[in-house]
file protein-v2.csv (CSV, C-alpha atoms and all ligand atoms)
chain,number,residue,atom,x,y,z
A,1,MET,CA,0.6,27.3,-21.4
A,2,ALA,CA,-1.8,25.3,-23.5
A,3,GLU,CA,-5.3,26.5,-22.9
A,4,PHE,CA,-6.8,23.1,-22.0
A,5,LEU,CA,-4.2,22.8,-19.3
A,6,GLN,CA,-5.2,26.0,-17.7
A,7,ALA,CA,-8.5,24.6,-16.8
A,8,LYS,CA,-8.7,24.2,-13.0
A,9,ASP,CA,-8.0,20.7,-11.9
A,10,ASN,CA,-10.7,20.0,-9.3
A,11,ARG,CA,-9.6,16.7,-8.1
A,12,ARG,CA,-8.7,16.1,-4.4
A,13,ILE,CA,-5.9,13.7,-3.9
A,14,LEU,CA,-4.1,12.4,-0.8
A,15,HIS,CA,-0.7,10.8,-0.7
A,16,VAL,CA,-0.2,8.7,2.4
A,17,ASP,CA,3.1,7.5,3.5
A,18,ILE,CA,3.8,5.6,6.8
A,19,ASP,CA,6.9,7.1,8.4
A,20,ALA,CA,9.9,4.8,8.2
A,21,PHE,CA,7.4,1.9,8.0
A,22,TYR,CA,9.4,-1.2,8.9
A,23,ALA,CA,11.5,0.6,11.5
A,24,GLN,CA,8.4,2.1,13.1
A,25,VAL,CA,6.7,-1.3,13.3
A,26,GLU,CA,9.7,-2.8,15.0
A,27,MET,CA,9.9,0.1,17.5
A,28,ARG,CA,6.2,-0.2,18.2
A,29,ASP,CA,6.5,-3.9,18.9
A,30,ASN,CA,9.7,-3.6,21.0
A,31,PRO,CA,10.0,-0.4,23.0
A,32,ALA,CA,13.7,-1.1,23.7
A,33,LEU,CA,14.3,-0.2,20.0
A,34,ARG,CA,12.8,3.3,20.3
A,35,LYS,CA,15.8,5.0,21.8
A,36,VAL,CA,18.6,3.4,19.7
A,37,PRO,CA,19.6,3.9,16.0
A,38,LEU,CA,17.8,1.1,14.2
A,39,GLY,CA,18.4,-0.4,10.8
A,40,ILE,CA,16.0,-3.0,9.3
A,41,GLY,CA,18.3,-5.4,7.5
A,42,ARG,CA,20.8,-8.1,8.2
A,43,ASP,CA,23.6,-7.6,10.7
A,44,PRO,CA,26.8,-7.7,8.5
A,45,ASP,CA,28.7,-9.2,11.4
A,46,LEU,CA,26.4,-12.3,11.4
A,47,HIS,CA,26.3,-12.6,7.6
A,48,HIS,CA,29.8,-12.3,6.4
A,49,GLY,CA,29.6,-8.6,5.7
A,50,HIS,CA,26.4,-9.0,3.6
A,51,GLY,CA,23.1,-7.2,4.0
A,52,VAL,CA,21.3,-4.1,2.9
A,53,ILE,CA,19.3,-1.5,5.0
A,54,ALA,CA,15.6,-1.5,4.0
A,55,THR,CA,14.6,1.2,6.3
A,56,ALA,CA,16.3,3.1,9.2
A,57,ASN,CA,14.6,4.9,12.1
A,58,TYR,CA,15.2,8.7,12.4
A,59,ILE,CA,17.9,8.4,15.0
A,60,ALA,CA,19.9,6.3,12.5
A,61,ARG,CA,19.1,8.6,9.7
A,62,ARG,CA,20.6,11.5,11.6
A,63,ALA,CA,23.8,9.5,11.8
A,64,GLY,CA,23.8,9.1,8.0
A,65,VAL,CA,22.1,5.8,7.6
A,66,HIS,CA,19.6,5.5,4.7
A,67,SER,CA,17.7,2.9,2.9
A,68,ALA,CA,19.3,0.8,0.2
A,69,MET,CA,22.7,1.3,1.9
A,70,GLU,CA,24.9,-1.7,2.4
A,71,SER,CA,24.7,-2.8,6.1
A,72,ILE,CA,28.4,-2.7,6.4
A,73,GLU,CA,28.6,0.9,5.2
A,74,ALA,CA,25.7,1.8,7.6
A,75,LYS,CA,27.7,0.3,10.5
A,76,ARG,CA,30.7,2.4,9.5
A,77,ALA,CA,28.5,5.5,9.5
A,78,CYS,CA,26.8,4.5,12.8
A,79,PRO,CA,28.9,2.0,14.8
A,80,ASN,CA,26.2,1.4,17.4
A,81,LEU,CA,23.5,0.8,14.8
A,82,VAL,CA,21.1,-2.0,16.0
A,83,PHE,CA,20.1,-4.4,13.2
A,84,VAL,CA,16.7,-6.1,13.1
A,85,ALA,CA,15.9,-8.6,10.2
A,86,PRO,CA,12.8,-7.6,8.3
A,87,ASP,CA,9.6,-9.5,8.9
A,88,PHE,CA,7.6,-9.1,5.6
A,89,GLU,CA,4.8,-11.3,6.8
A,90,LYS,CA,4.1,-8.9,9.6
A,91,TYR,CA,4.5,-5.8,7.4
A,92,ARG,CA,2.1,-7.2,4.8
A,93,ALA,CA,-0.5,-7.9,7.4
A,94,ILE,CA,-0.3,-4.3,8.7
A,95,SER,CA,-0.4,-3.0,5.2
A,96,GLY,CA,-3.6,-4.9,4.7
A,97,GLN,CA,-5.0,-3.3,7.9
A,98,ILE,CA,-4.1,0.1,6.6
A,99,HIS,CA,-5.7,-0.5,3.2
A,100,GLN,CA,-8.9,-1.5,5.0
A,101,ILE,CA,-8.8,2.0,6.6
A,102,PHE,CA,-8.2,3.6,3.1
A,103,HIS,CA,-11.4,2.0,1.9
A,104,GLU,CA,-13.4,3.8,4.7
A,105,PHE,CA,-12.6,7.0,2.8
A,106,THR,CA,-12.6,6.0,-0.9
A,107,ASP,CA,-12.4,3.0,-3.2
A,108,MET,CA,-10.1,4.9,-5.6
A,109,ILE,CA,-6.8,3.8,-4.2
A,110,GLU,CA,-3.4,3.4,-6.0
A,111,PRO,CA,-0.9,1.5,-3.9
A,112,VAL,CA,2.7,2.5,-4.5
A,113,ALA,CA,4.4,0.3,-1.9
A,114,LEU,CA,3.4,-1.6,1.2
A,115,ASP,CA,3.4,1.7,3.2
A,116,GLU,CA,2.4,4.2,0.5
A,117,ALA,CA,-0.7,5.0,-1.6
A,118,TYR,CA,-2.6,7.7,-3.5
A,119,LEU,CA,-6.2,8.2,-2.6
A,120,ASP,CA,-8.6,10.1,-4.8
A,121,VAL,CA,-11.2,11.5,-2.4
A,122,THR,CA,-12.9,13.9,-4.9
A,123,ALA,CA,-16.2,12.0,-4.4
A,124,ASN,CA,-16.1,12.3,-0.6
A,125,LYS,CA,-18.1,15.2,0.6
A,126,MET,CA,-15.8,16.2,3.4
A,127,ALA,CA,-13.0,18.7,2.9
A,128,ALA,CA,-9.7,17.0,2.0
A,129,PRO,CA,-7.7,18.3,4.9
A,130,THR,CA,-10.3,17.0,7.3
A,131,LEU,CA,-10.2,13.6,5.6
A,132,ALA,CA,-6.4,13.7,5.9
A,133,ALA,CA,-6.7,14.3,9.7
A,134,GLN,CA,-9.3,11.6,10.1
A,135,LEU,CA,-7.3,9.2,8.1
A,136,ARG,CA,-4.2,9.8,10.2
A,137,HIS,CA,-6.3,9.3,13.4
A,138,ARG,CA,-7.8,6.1,12.1
A,139,ILE,CA,-4.4,4.7,11.2
A,140,TRP,CA,-3.0,5.6,14.6
A,141,GLN,CA,-6.0,4.1,16.4
A,142,GLU,CA,-5.8,0.8,14.5
A,143,THR,CA,-2.1,0.4,14.2
A,144,GLN,CA,-0.3,2.8,16.5
A,145,LEU,CA,1.7,4.0,13.5
A,146,THR,CA,2.2,7.6,12.3
A,147,CYS,CA,2.1,8.7,8.7
A,148,SER,CA,2.6,11.7,6.6
A,149,VAL,CA,0.0,13.0,4.3
A,150,GLY,CA,0.1,15.4,1.3
A,151,VAL,CA,-3.2,16.9,0.1
A,152,SER,CA,-3.5,18.6,-3.3
A,153,TYR,CA,-5.2,18.4,-6.7
A,154,ASN,CA,-2.7,16.1,-8.4
A,155,LYS,CA,-0.5,13.2,-7.6
A,156,VAL,CA,2.8,15.0,-7.9
A,157,LEU,CA,1.8,17.8,-5.5
A,158,ALA,CA,0.3,15.3,-3.1
A,159,LYS,CA,3.5,13.3,-3.0
A,160,LEU,CA,5.6,16.4,-2.7
A,161,GLY,CA,3.3,17.4,0.2
A,162,SER,CA,3.7,14.2,2.1
A,163,GLU,CA,7.5,14.6,1.9
A,164,HIS,CA,7.4,18.2,3.0
A,165,HIS,CA,6.6,17.7,6.7
A,166,LYS,CA,7.9,14.3,7.5
A,167,PRO,CA,7.5,12.5,9.8
A,168,ASN,CA,4.0,12.7,11.2
A,169,GLY,CA,2.9,15.7,9.3
A,170,VAL,CA,0.2,17.0,6.9
A,171,THR,CA,0.9,19.4,4.1
A,172,VAL,CA,-2.0,20.9,2.1
A,173,ILE,CA,-1.2,22.5,-1.2
A,174,PRO,CA,-4.3,24.2,-2.6
A,175,HIS,CA,-4.4,25.8,-6.1
A,176,GLU,CA,-3.5,29.3,-4.9
A,177,LEU,CA,-0.3,28.1,-3.2
A,178,ALA,CA,0.8,25.4,-5.7
A,179,GLN,CA,2.8,27.5,-8.1
A,180,ASP,CA,4.7,29.2,-5.3
A,181,PHE,CA,5.4,25.9,-3.6
A,182,VAL,CA,6.9,24.5,-6.7
A,183,LEU,CA,8.9,27.6,-7.6
A,184,ASN,CA,10.6,27.5,-4.1
A,185,LEU,CA,11.3,23.8,-4.2
A,186,PRO,CA,15.0,22.7,-4.3
A,187,ILE,CA,15.7,21.0,-7.6
A,188,LYS,CA,16.6,17.8,-5.9
A,189,ASP,CA,13.1,17.4,-4.5
A,190,PHE,CA,11.4,17.3,-7.9
A,191,ARG,CA,10.0,13.9,-8.8
A,192,GLY,CA,12.4,11.8,-10.8
A,193,VAL,CA,15.5,13.9,-10.2
A,194,GLY,CA,18.3,11.5,-9.3
A,195,LYS,CA,22.0,11.9,-8.9
A,196,LYS,CA,22.7,12.2,-12.6
A,197,THR,CA,20.0,14.8,-13.3
A,198,LEU,CA,21.1,16.7,-10.3
A,199,GLU,CA,24.7,16.9,-11.5
A,200,LYS,CA,23.5,18.1,-14.8
A,201,PHE,CA,21.4,20.8,-13.3
A,202,GLU,CA,24.2,21.9,-11.0
A,203,LYS,CA,26.4,22.5,-14.0
A,204,MET,CA,23.6,24.5,-15.6
A,205,GLY,CA,23.2,26.5,-12.5
A,206,VAL,CA,19.6,25.3,-11.9
A,207,THR,CA,19.0,25.1,-8.2
A,208,ASP,CA,15.3,25.4,-7.6
A,209,GLY,CA,11.8,25.4,-9.2
A,210,ARG,CA,12.2,29.1,-10.2
A,211,ASP,CA,15.3,28.3,-12.3
A,212,LEU,CA,13.5,25.3,-13.8
A,213,TYR,CA,10.4,27.3,-14.6
A,214,ALA,CA,12.6,29.7,-16.6
A,215,MET,CA,13.7,26.9,-19.0
A,216,SER,CA,11.8,26.4,-22.2
A,217,LEU,CA,10.3,23.1,-23.1
A,218,ASP,CA,12.6,22.7,-26.1
A,219,GLU,CA,15.7,23.3,-23.9
A,220,LEU,CA,14.5,20.7,-21.4
A,221,ARG,CA,13.8,18.2,-24.1
A,222,VAL,CA,17.3,18.7,-25.6
A,223,GLN,CA,18.8,18.1,-22.1
A,224,PHE,CA,16.6,15.3,-20.8
A,225,GLY,CA,14.6,13.8,-23.6
A,226,SER,CA,11.0,13.0,-22.8
A,227,PHE,CA,11.8,13.5,-19.1
A,228,GLY,CA,12.1,17.1,-20.0
A,229,ASP,CA,8.3,17.3,-20.5
A,230,VAL,CA,7.8,15.8,-17.0
A,231,LEU,CA,10.0,18.5,-15.5
A,232,TYR,CA,8.4,21.3,-17.5
A,233,TRP,CA,5.0,20.5,-16.2
A,234,GLN,CA,6.1,19.8,-12.7
A,235,ALA,CA,7.5,23.3,-12.6
A,236,ARG,CA,4.0,24.5,-13.6
A,237,ALA,CA,2.3,22.4,-10.8
A,238,THR,CA,0.5,20.5,-13.5
A,239,HIS,CA,0.0,16.8,-13.7
A,240,PHE,CA,-3.0,14.9,-15.1
A,241,SER,CA,-2.2,11.3,-14.3
A,242,PRO,CA,-5.2,9.8,-12.6
A,243,VAL,CA,-5.1,7.8,-9.4
A,244,LYS,CA,-5.0,4.4,-11.0
A,245,ASP,CA,-7.6,2.4,-9.1
A,246,ARG,CA,-5.6,-0.7,-8.5
A,247,SER,CA,-7.3,-1.3,-5.2
A,248,VAL,CA,-8.0,-4.9,-5.0
A,249,ARG,CA,-11.6,-6.0,-5.3
A,250,GLN,CA,-13.5,-6.6,-2.1
A,251,SER,CA,-14.0,-10.4,-2.5
A,252,VAL,CA,-13.2,-13.5,-4.5
A,253,GLY,CA,-15.4,-16.4,-4.2
A,254,LYS,CA,-17.3,-19.3,-5.9
A,255,GLU,CA,-20.7,-20.9,-5.4
A,256,SER,CA,-22.4,-24.1,-6.5
A,257,THR,CA,-26.1,-24.6,-6.6
A,258,PHE,CA,-27.8,-28.0,-6.8
A,259,GLU,CA,-30.8,-29.1,-8.7
A,260,LEU,CA,-31.0,-32.1,-6.5
A,261,ALA,CA,-30.5,-31.2,-2.9
A,262,LEU,CA,-27.4,-32.7,-1.1
A,263,HIS,CA,-28.2,-34.9,1.8
A,264,ASP,CA,-24.9,-36.6,2.2
A,265,ARG,CA,-22.0,-35.1,4.2
A,266,SER,CA,-19.4,-36.5,1.9
A,267,GLU,CA,-21.0,-34.7,-1.1
A,268,VAL,CA,-20.8,-31.5,0.8
A,269,GLU,CA,-17.2,-32.1,1.6
A,270,MET,CA,-16.4,-32.9,-2.0
A,271,THR,CA,-18.1,-29.7,-3.1
A,272,PHE,CA,-16.2,-27.6,-0.7
A,273,LYS,CA,-13.0,-29.1,-1.9
A,274,THR,CA,-13.8,-28.3,-5.5
A,275,LEU,CA,-14.9,-24.7,-4.6
A,276,ALA,CA,-11.7,-24.2,-2.5
A,277,GLU,CA,-9.5,-25.4,-5.4
A,278,LYS,CA,-11.2,-22.9,-7.8
A,279,VAL,CA,-11.0,-20.0,-5.3
A,280,VAL,CA,-7.4,-20.8,-4.5
A,281,LEU,CA,-6.5,-21.0,-8.2
A,282,ASN,CA,-8.2,-17.7,-8.8
A,283,MET,CA,-6.5,-16.0,-5.9
A,284,LYS,CA,-3.1,-17.3,-6.9
A,285,LYS,CA,-3.6,-16.1,-10.5
A,286,LYS,CA,-4.5,-12.6,-9.2
A,287,LYS,CA,-1.7,-12.7,-6.6
A,288,LEU,CA,-4.2,-12.0,-3.8
A,289,LEU,CA,-4.5,-13.1,-0.2
A,290,GLY,CA,-7.6,-12.9,2.1
A,291,ARG,CA,-8.0,-12.5,5.8
A,292,THR,CA,-11.6,-13.4,5.9
A,293,LEU,CA,-13.1,-16.7,4.8
A,294,THR,CA,-16.9,-16.8,4.5
A,295,VAL,CA,-18.9,-20.0,4.0
A,296,LYS,CA,-22.4,-19.7,2.6
A,297,ILE,CA,-25.0,-22.5,3.0
A,298,ARG,CA,-28.6,-22.4,1.7
A,299,ASP,CA,-31.0,-25.2,2.4
A,300,ASP,CA,-34.2,-26.5,0.9
A,301,ASP,CA,-36.3,-24.0,2.9
A,302,PHE,CA,-34.2,-21.2,1.3
A,303,LYS,CA,-32.7,-20.4,4.6
A,304,THR,CA,-29.3,-18.9,3.9
A,305,GLN,CA,-26.5,-19.0,6.5
A,306,THR,CA,-23.2,-17.1,6.0
A,307,LYS,CA,-20.4,-17.5,8.5
A,308,GLY,CA,-17.1,-15.8,8.4
A,309,MET,CA,-13.7,-16.3,10.0
A,310,THR,CA,-11.2,-13.5,10.1
A,311,GLN,CA,-7.5,-13.8,10.9
A,312,ALA,CA,-4.9,-11.1,11.5
A,313,VAL,CA,-2.7,-12.8,8.9
A,314,PRO,CA,-4.1,-13.8,5.5
A,315,PHE,CA,-5.2,-17.4,5.1
A,316,GLU,CA,-2.8,-19.7,3.5
A,317,LEU,CA,-3.9,-20.7,0.0
A,318,ASP,CA,-4.2,-24.3,0.7
A,319,ALA,CA,-7.4,-25.8,-0.8
A,320,ALA,CA,-7.5,-28.9,1.5
A,321,PHE,CA,-7.1,-26.7,4.6
A,322,LEU,CA,-9.8,-24.2,3.4
A,323,ALA,CA,-12.2,-27.1,2.7
A,324,ARG,CA,-11.7,-28.4,6.3
A,325,GLN,CA,-12.4,-24.9,7.7
A,326,ALA,CA,-15.6,-24.9,5.7
A,327,MET,CA,-16.6,-28.3,7.0
A,328,LEU,CA,-16.1,-27.1,10.6
A,329,ILE,CA,-18.6,-24.4,9.9
A,330,PHE,CA,-21.0,-26.7,8.1
A,331,ASP,CA,-21.0,-29.4,10.8
A,332,GLU,CA,-21.8,-26.8,13.4
A,333,ALA,CA,-24.7,-25.4,11.4
A,334,TYR,CA,-26.1,-28.8,10.2
A,335,PRO,CA,-25.1,-31.5,12.8
A,336,ASP,CA,-27.5,-34.1,11.3
A,337,ASN,CA,-30.3,-34.1,8.7
A,338,PHE,CA,-30.0,-31.6,6.0
A,339,SER,CA,-31.0,-30.8,2.5
A,340,ILE,CA,-28.6,-28.3,0.8
A,341,ARG,CA,-29.3,-26.3,-2.3
A,342,LEU,CA,-26.2,-24.0,-2.4
A,343,LEU,CA,-22.7,-23.9,-1.0
A,344,GLY,CA,-20.3,-21.0,-1.4
A,345,LEU,CA,-16.8,-20.1,-0.3
A,346,THR,CA,-15.5,-16.5,-0.4
A,347,PHE,CA,-12.5,-14.6,0.6
A,348,SER,CA,-12.8,-11.0,1.6
A,349,ASN,CA,-10.5,-8.5,3.4
A,350,ILE,CA,-8.3,-9.0,0.4
A,351,VAL,CA,-4.6,-8.0,0.4
A,352,GLU,CA,-2.2,-7.9,-2.6
A,353,GLN,CA,0.6,-10.4,-2.7
A,354,LYS,CA,2.7,-8.5,-5.2
A,355,TYR,CA,5.1,-6.8,-2.8
A,356,GLU,CA,6.4,-10.1,-1.7
A,357,ALA,CA,9.3,-10.0,-4.1
A,358,VAL,CA,11.4,-7.2,-2.6
A,359,SER,CA,14.5,-7.7,-4.7
A,360,LEU,CA,16.8,-6.3,-2.0
A,361,PHE,CA,16.0,-9.2,0.2
A,362,ASP,CA,15.9,-12.0,-2.4
A,363,SER,CA,19.0,-13.5,-0.7
A,364,LEU,CA,17.4,-13.5,2.8
B,401,MG,MG,7.2,5.4,4.2

call {"tool": "encode", "arguments": {"input": "protein-v2.csv", "output": "structure tokens"}}
result
Amino acid sequence: MAEFLQAKDNRRILHVDIDAFYAQVEMRDNPALRKVPLGIGRDPDLHHGHGVIATANYIARRAGVHSAMESIEAKRACPNLVFVAPDFEKYRAISGQIHQIFHEFTDMIEPVALDEAYLDVTANKMAAPTLAAQLRHRIWQETQLTCSVGVSYNKVLAKLGSEHHKPNGVTVIPHELAQDFVLNLPIKDFRGVGKKTLEKFEKMGVTDGRDLYAMSLDELRVQFGSFGDVLYWQARATHFSPVKDRSVRQSVGKESTFELALHDRSEVEMTFKTLAEKVVLNMKKKKLLGRTLTVKIRDDDFKTQTKGMTQAVPFELDAAFLARQAMLIFDEAYPDNFSIRLLGLTFSNIVEQKYEAVSLFDSL
């Protein structure tokens, strides 16, 4: 192994994955669904045979139902499968709640999906397994949802860990156990190994990490091209890709200051409209949504007031609506005479909008 790669990787990374996310949310919100096989997707009987399963609960999984399966096929496998149409608005709002919790532990967060993220907690003083336990507790407390967490020193191992004891489990893979963990892993569980790769490995008689470890880098490259490198290093429990801090910034806002103080309500209204338009444009460009809207007002005496409104579901990005909300706050703070030097409008409790386009459901 190259010498520089033998250096101990001292990072501490968590991979967090909410168990059967959409299904678990629907079961949480409707107890009648907890004891039946549940598929989140369209009922094929009501949609001319169309529909795809986004997520299934564990009862349905035991009957052979899995995500990305055609609804009609799922029904064949499990005739009493109950279908519930997905509610992405709801899932996004919950995902936002969960990300808020992530930020209590670290700001180095790489979201993978609505229900999945890598957290680099190296800077946090507490032991990573303790953080994993606390994180799971906080998520349960806030959302009544369970998750699985993998704890290790790189992303691949953390991910393999979260898959290891699913659902509702924690797997810690420290340095001293990592190589063994990987050697004993069935070949199908390695990252990136799909149906085709698996077939190839089967023909080659490669069934687990030990067989993979025995293959040379050249051999793997001949068989799998550049993916061969990925496999080679996975078998050595080595992976240096950082947690890509794609966590959304904490706020997006705009302020205006005035040389000449504003005394007229219509001027204030106009300013809020302009600010709202700019903020909305900025949010749309960055594909962000916010759950908290904060209005900032500073008067001639340099008295600054900030007032926030928080919603469970992100605010709609409608400038006129936001300006009206700002005016409600303004009118309450300054019912009559005023002399205003600064107005500001800021979104916080930011959530990403980018998971909206789930291609499986484009037809919904
Ligand atoms: Mg999940």

call {"tool": "closest_atom_pairs", "arguments": {"input": "protein-v2.csv", "of": "region 72-190 of chain A", "to": "region 279-300 of chain A", "cutoff": "10 Å", "atoms": "only C-alpha atoms", "output": "JSON lines"}}
result
{"residue": "A:Ala93", "atom": "CA", "partner": "A:Arg291", "partner_atom": "CA", "distance": 8.9}
{"residue": "A:Gly96", "atom": "CA", "partner": "A:Arg291", "partner_atom": "CA", "distance": 8.9}
{"residue": "A:Gln97", "atom": "CA", "partner": "A:Arg291", "partner_atom": "CA", "distance": 9.9}

call {"tool": "residues_near_ligand", "arguments": {"input": "protein-v2.csv", "ligand": "ligand MG 401 (chain B)", "cutoff": "9 Å", "atoms": "only C-alpha atoms and all ligand atoms", "output": "mmCIF file with C-alpha atoms, in the frame of the given file"}}
result
data_model
loop_
_atom_site.group_PDB
_atom_site.id
_atom_site.type_symbol
_atom_site.label_atom_id
_atom_site.label_comp_id
_atom_site.auth_asym_id
_atom_site.auth_seq_id
_atom_site.Cartn_x
_atom_site.Cartn_y
_atom_site.Cartn_z
ATOM 1 C CA VAL A 16 -0.200 8.700 2.400
ATOM 2 C CA ASP A 17 3.100 7.500 3.500
ATOM 3 C CA ILE A 18 3.800 5.600 6.800
ATOM 4 C CA ASP A 19 6.900 7.100 8.400
ATOM 5 C CA ALA A 20 9.900 4.800 8.200
ATOM 6 C CA PHE A 21 7.400 1.900 8.000
ATOM 7 C CA TYR A 22 9.400 -1.200 8.900
ATOM 8 C CA THR A 55 14.600 1.200 6.300
ATOM 9 C CA ALA A 113 4.400 0.300 -1.900
ATOM 10 C CA LEU A 114 3.400 -1.600 1.200
ATOM 11 C CA ASP A 115 3.400 1.700 3.200
ATOM 12 C CA GLU A 116 2.400 4.200 0.500
ATOM 13 C CA CYS A 147 2.100 8.700 8.700
ATOM 14 C CA SER A 148 2.600 11.700 6.600
#

call {"tool": "atom_distance", "arguments": {"input": "protein-v2.csv", "atom1": "CA of Arg221 (chain A)", "atom2": "CA of Lys188 (chain A)"}}
result
18.4 Å

call {"tool": "atom_distance", "arguments": {"input": "protein-v2.csv", "atom1": "CA of Tyr118 (chain A)", "atom2": "CA of Lys159 (chain A)"}}
result
8.3 Å

call {"tool": "closest_residue", "arguments": {"input": "protein-v2.csv", "among": "A:Val82, A:Met270, A:Ile109, A:Leu220", "to": "Ala320 (chain A)", "atoms": "only C-alpha atoms"}}
result
A:Met270

call {"tool": "closest_residue", "arguments": {"input": "protein-v2.csv", "among": "A:Leu160, A:Leu46, A:Leu81, A:Leu145", "to": "Arg61 (chain A)", "atoms": "only C-alpha atoms"}}
result
A:Leu81

call {"tool": "residues_around", "arguments": {"input": "protein-v2.csv", "residues": "Phe227 (chain A)", "least_positions_apart": "6", "cutoff": "12 Å", "atoms": "only C-alpha atoms", "output": "PyMOL selection string"}}
result
chain A and resi 190-194+197+217-221+233-234

call {"tool": "residues_around", "arguments": {"input": "protein-v2.csv", "residues": "region 136-143 of chain A", "least_positions_apart": "4", "cutoff": "10 Å", "atoms": "all atoms listed in the file", "output": "ChimeraX atom specification"}}
result
/A:16,18,25,28,94-95,97-102,104,130-132,147-149,168-170

call {"tool": "atom_distance", "arguments": {"input": "protein-v2.csv", "atom1": "CA of His66 (chain A)", "atom2": "CA of Val172 (chain A)"}}
result
26.7 Å

call {"tool": "closest_residue", "arguments": {"input": "protein-v2.csv", "among": "A:Lys244, A:Leu157, A:Ala23, A:Ser216", "to": "Val112 (chain A)", "atoms": "only C-alpha atoms"}}
result
A:Lys244

call {"tool": "closest_residue", "arguments": {"input": "protein-v2.csv", "among": "A:Leu345, A:Ala276, A:Ala237, A:Ala133", "to": "Asp9 (chain A)", "atoms": "all atoms listed in the file"}}
result
A:Ala237

call {"tool": "closest_residue", "arguments": {"input": "protein-v2.csv", "among": "A:Val156, A:Leu328, A:Ile350, A:Leu343", "to": "Ala261 (chain A)", "atoms": "only C-alpha atoms"}}
result
A:Leu343

call {"tool": "closest_residue", "arguments": {"input": "protein-v2.csv", "among": "A:Phe338, A:Phe105, A:Tyr153, A:Tyr91", "to": "Val351 (chain A)", "atoms": "all atoms listed in the file"}}
result
A:Tyr91

call {"tool": "residues_around", "arguments": {"input": "protein-v2.csv", "residues": "Ser152 (chain A)", "least_positions_apart": "6", "cutoff": "9 Å", "atoms": "only C-alpha atoms", "output": "MDAnalysis selection string"}}
result
chainID A and resid 11:15 128 158:159 161 171:175 178

call {"tool": "residues_around", "arguments": {"input": "protein-v2.csv", "residues": "region 72-80 of chain A", "least_positions_apart": "4", "cutoff": "7 Å", "atoms": "all atoms listed in the file", "output": "PyMOL selection string"}}
result
chain A and resi 44+49+63-65

call {"tool": "residues_around", "arguments": {"input": "protein-v2.csv", "residues": "Ile53 (chain A)", "least_positions_apart": "6", "cutoff": "6 Å", "atoms": "all atoms listed in the file", "output": "MDAnalysis selection string"}}
result
chainID A and resid 39:41 67:69 71

call {"tool": "write_last_selection", "arguments": {"input": "protein-v2.csv", "atoms": "C-alpha atoms", "output": "mmCIF file, in the frame of the given file"}}
result
data_model
loop_
_atom_site.group_PDB
_atom_site.id
_atom_site.type_symbol
_atom_site.label_atom_id
_atom_site.label_comp_id
_atom_site.auth_asym_id
_atom_site.auth_seq_id
_atom_site.Cartn_x
_atom_site.Cartn_y
_atom_site.Cartn_z
ATOM 1 C CA GLY A 39 18.400 -0.400 10.800
ATOM 2 C CA ILE A 40 16.000 -3.000 9.300
ATOM 3 C CA GLY A 41 18.300 -5.400 7.500
ATOM 4 C CA SER A 67 17.700 2.900 2.900
ATOM 5 C CA ALA A 68 19.300 0.800 0.200
ATOM 6 C CA MET A 69 22.700 1.300 1.900
ATOM 7 C CA SER A 71 24.700 -2.800 6.100
#
